[in-house]
Amino acid sequence: MIAELVAEIGPLWHERHQAALASRPRRRAVGAGARHKLVFVDRLLATLVHLRHGATHDVLA
């Protein structure tokens, strides 16, 4: 199930991400910046876990 979701959404996310990067001028040298970026699959899993267990936000609001 997760593999199907990654196969379906992954290319779309990658295209959108690359378009966002290309739409603005570069402010740092290539390779500069944070090294702790998550890859798409890790972002997807973190989002799904957050959405699954995010009930505390509803309770606090």
# chains A, B, ... in the order shown; residues from 1 in each chain; ligands from 1
>>> residues_around(residues="segment 27-44 of chain A", least_positions_apart="3", cutoff="12 Å", atoms="only C-alpha atoms", output="list in words")
Ile2, Ala3, Glu4, Leu5, Val6, Ala7, Glu8, Ile9, Gly10, Pro11, Leu12, Trp13, His14, Glu15, His17, Leu21, Ala22, Arg24, Thr47, Leu48, Val49, His50 and Leu51 of chain A
>>> select_by_dssp(residues="chain A", states="helix (DSSP H, G or I)", output="PyMOL selection string")
chain A and resi 2-22+40-52+55-60
>>> write_last_selection(atoms="N, CA and C atoms", output="short mmCIF file (atom, residue, chain, number, x, y, z; two decimals), in the first residue's frame")
data_model
loop_
_atom_site.label_atom_id
_atom_site.label_comp_id
_atom_site.auth_asym_id
_atom_site.auth_seq_id
_atom_site.Cartn_x
_atom_site.Cartn_y
_atom_site.Cartn_z
N ILE A 2 1.86 1.31 0.86
CA ILE A 2 2.75 2.48 0.89
C ILE A 2 3.54 2.57 -0.41
N ALA A 3 3.98 1.44 -0.94
CA ALA A 3 4.73 1.44 -2.19
C ALA A 3 3.89 1.98 -3.34
N GLU A 4 2.61 1.63 -3.36
CA GLU A 4 1.72 2.15 -4.40
C GLU A 4 1.54 3.65 -4.27
N LEU A 5 1.41 4.13 -3.04
CA LEU A 5 1.26 5.56 -2.79
C LEU A 5 2.51 6.32 -3.20
N VAL A 6 3.67 5.77 -2.88
CA VAL A 6 4.94 6.39 -3.27
C VAL A 6 5.07 6.41 -4.79
N ALA A 7 4.72 5.31 -5.43
CA ALA A 7 4.82 5.24 -6.90
C ALA A 7 3.88 6.23 -7.58
N GLU A 8 2.73 6.47 -6.96
CA GLU A 8 1.75 7.38 -7.56
C GLU A 8 2.09 8.85 -7.29
N ILE A 9 2.45 9.18 -6.07
CA ILE A 9 2.64 10.57 -5.69
C ILE A 9 4.09 11.02 -5.85
N GLY A 10 5.04 10.12 -5.75
CA GLY A 10 6.45 10.47 -5.80
C GLY A 10 6.87 11.31 -7.00
N PRO A 11 6.59 10.89 -8.22
CA PRO A 11 6.99 11.69 -9.38
C PRO A 11 6.34 13.08 -9.42
N LEU A 12 5.08 13.16 -9.00
CA LEU A 12 4.40 14.46 -8.97
C LEU A 12 5.05 15.39 -7.96
N TRP A 13 5.37 14.85 -6.79
CA TRP A 13 6.01 15.65 -5.75
C TRP A 13 7.38 16.12 -6.22
N HIS A 14 8.12 15.22 -6.86
CA HIS A 14 9.47 15.56 -7.32
C HIS A 14 9.42 16.68 -8.37
N GLU A 15 8.48 16.60 -9.31
CA GLU A 15 8.34 17.65 -10.32
C GLU A 15 8.00 18.98 -9.68
N ARG A 16 7.07 18.98 -8.74
CA ARG A 16 6.68 20.22 -8.07
C ARG A 16 7.83 20.80 -7.26
N HIS A 17 8.58 19.95 -6.61
CA HIS A 17 9.73 20.39 -5.81
C HIS A 17 10.80 21.01 -6.71
N GLN A 18 11.10 20.36 -7.83
CA GLN A 18 12.10 20.89 -8.75
C GLN A 18 11.64 22.21 -9.37
N ALA A 19 10.35 22.33 -9.67
CA ALA A 19 9.82 23.58 -10.22
C ALA A 19 9.93 24.71 -9.20
N ALA A 20 9.68 24.40 -7.94
CA ALA A 20 9.81 25.42 -6.89
C ALA A 20 11.25 25.87 -6.74
N LEU A 21 12.17 24.93 -6.86
CA LEU A 21 13.59 25.28 -6.75
C LEU A 21 14.04 26.13 -7.93
N ALA A 22 13.54 25.83 -9.11
CA ALA A 22 13.96 26.54 -10.32
C ALA A 22 13.28 27.91 -10.46
N PHE A 40 11.67 11.75 0.07
CA PHE A 40 10.22 11.77 -0.11
C PHE A 40 9.52 10.68 0.69
N VAL A 41 10.04 9.47 0.67
CA VAL A 41 9.38 8.36 1.37
C VAL A 41 9.34 8.63 2.87
N ASP A 42 10.43 9.16 3.43
CA ASP A 42 10.45 9.48 4.85
C ASP A 42 9.46 10.60 5.18
N ARG A 43 9.37 11.60 4.30
CA ARG A 43 8.39 12.68 4.51
C ARG A 43 6.97 12.14 4.48
N LEU A 44 6.70 11.25 3.54
CA LEU A 44 5.37 10.67 3.42
C LEU A 44 5.02 9.87 4.67
N LEU A 45 5.92 9.05 5.14
CA LEU A 45 5.65 8.26 6.35
C LEU A 45 5.46 9.15 7.56
N ALA A 46 6.28 10.18 7.70
CA ALA A 46 6.14 11.11 8.83
C ALA A 46 4.79 11.83 8.77
N THR A 47 4.36 12.21 7.58
CA THR A 47 3.07 12.87 7.43
C THR A 47 1.93 11.93 7.79
N LEU A 48 1.99 10.68 7.33
CA LEU A 48 0.94 9.73 7.65
C LEU A 48 0.87 9.43 9.14
N VAL A 49 2.01 9.30 9.79
CA VAL A 49 2.04 9.08 11.24
C VAL A 49 1.47 10.29 11.96
N HIS A 50 1.85 11.48 11.52
CA HIS A 50 1.34 12.70 12.15
C HIS A 50 -0.18 12.80 11.99
N LEU A 51 -0.69 12.52 10.81
CA LEU A 51 -2.12 12.58 10.60
C LEU A 51 -2.86 11.51 11.39
N ARG A 52 -2.25 10.36 11.55
CA ARG A 52 -2.89 9.26 12.29
C ARG A 52 -2.96 9.56 13.77
N ALA A 55 -4.52 13.56 16.93
CA ALA A 55 -5.76 13.86 17.66
C ALA A 55 -5.51 14.84 18.80
N THR A 56 -4.31 14.90 19.34
CA THR A 56 -4.03 15.80 20.45
C THR A 56 -4.22 17.25 20.04
N HIS A 57 -3.97 17.57 18.76
CA HIS A 57 -4.19 18.93 18.28
C HIS A 57 -5.67 19.28 18.35
N ASP A 58 -6.54 18.32 18.01
CA ASP A 58 -7.98 18.56 18.07
C ASP A 58 -8.44 18.74 19.52
N VAL A 59 -7.87 17.96 20.41
CA VAL A 59 -8.25 18.05 21.81
C VAL A 59 -7.81 19.38 22.40
N LEU A 60 -6.60 19.82 22.07
CA LEU A 60 -6.09 21.07 22.62
C LEU A 60 -6.82 22.29 22.05
#
>>> decode(residues="segment 2-15 of chain A", atoms="N, CA and C atoms", output="compact mmCIF listing (two decimals), in the first residue's frame")
# COMPACT_ATOMS: atom_id res chain seq x y z
N ILE A 2 1.86 1.31 0.86
CA ILE A 2 2.75 2.48 0.89
C ILE A 2 3.54 2.57 -0.41
N ALA A 3 3.98 1.44 -0.94
CA ALA A 3 4.73 1.44 -2.19
C ALA A 3 3.89 1.98 -3.34
N GLU A 4 2.61 1.63 -3.36
CA GLU A 4 1.72 2.15 -4.40
C GLU A 4 1.54 3.65 -4.27
N LEU A 5 1.41 4.13 -3.04
CA LEU A 5 1.26 5.56 -2.79
C LEU A 5 2.51 6.32 -3.20
N VAL A 6 3.67 5.77 -2.88
CA VAL A 6 4.94 6.39 -3.27
C VAL A 6 5.07 6.41 -4.79
N ALA A 7 4.72 5.31 -5.43
CA ALA A 7 4.82 5.24 -6.90
C ALA A 7 3.88 6.23 -7.58
N GLU A 8 2.73 6.47 -6.96
CA GLU A 8 1.75 7.38 -7.56
C GLU A 8 2.09 8.85 -7.29
N ILE A 9 2.45 9.18 -6.07
CA ILE A 9 2.64 10.57 -5.69
C ILE A 9 4.09 11.02 -5.85
N GLY A 10 5.04 10.12 -5.75
CA GLY A 10 6.45 10.47 -5.80
C GLY A 10 6.87 11.31 -7.00
N PRO A 11 6.59 10.89 -8.22
CA PRO A 11 6.99 11.69 -9.38
C PRO A 11 6.34 13.08 -9.42
N LEU A 12 5.08 13.16 -9.00
CA LEU A 12 4.40 14.46 -8.97
C LEU A 12 5.05 15.39 -7.96
N TRP A 13 5.37 14.85 -6.79
CA TRP A 13 6.01 15.65 -5.75
C TRP A 13 7.38 16.12 -6.22
N HIS A 14 8.12 15.22 -6.86
CA HIS A 14 9.47 15.56 -7.32
C HIS A 14 9.42 16.68 -8.37
N GLU A 15 8.48 16.60 -9.31
CA GLU A 15 8.34 17.65 -10.32
C GLU A 15 8.00 18.98 -9.68
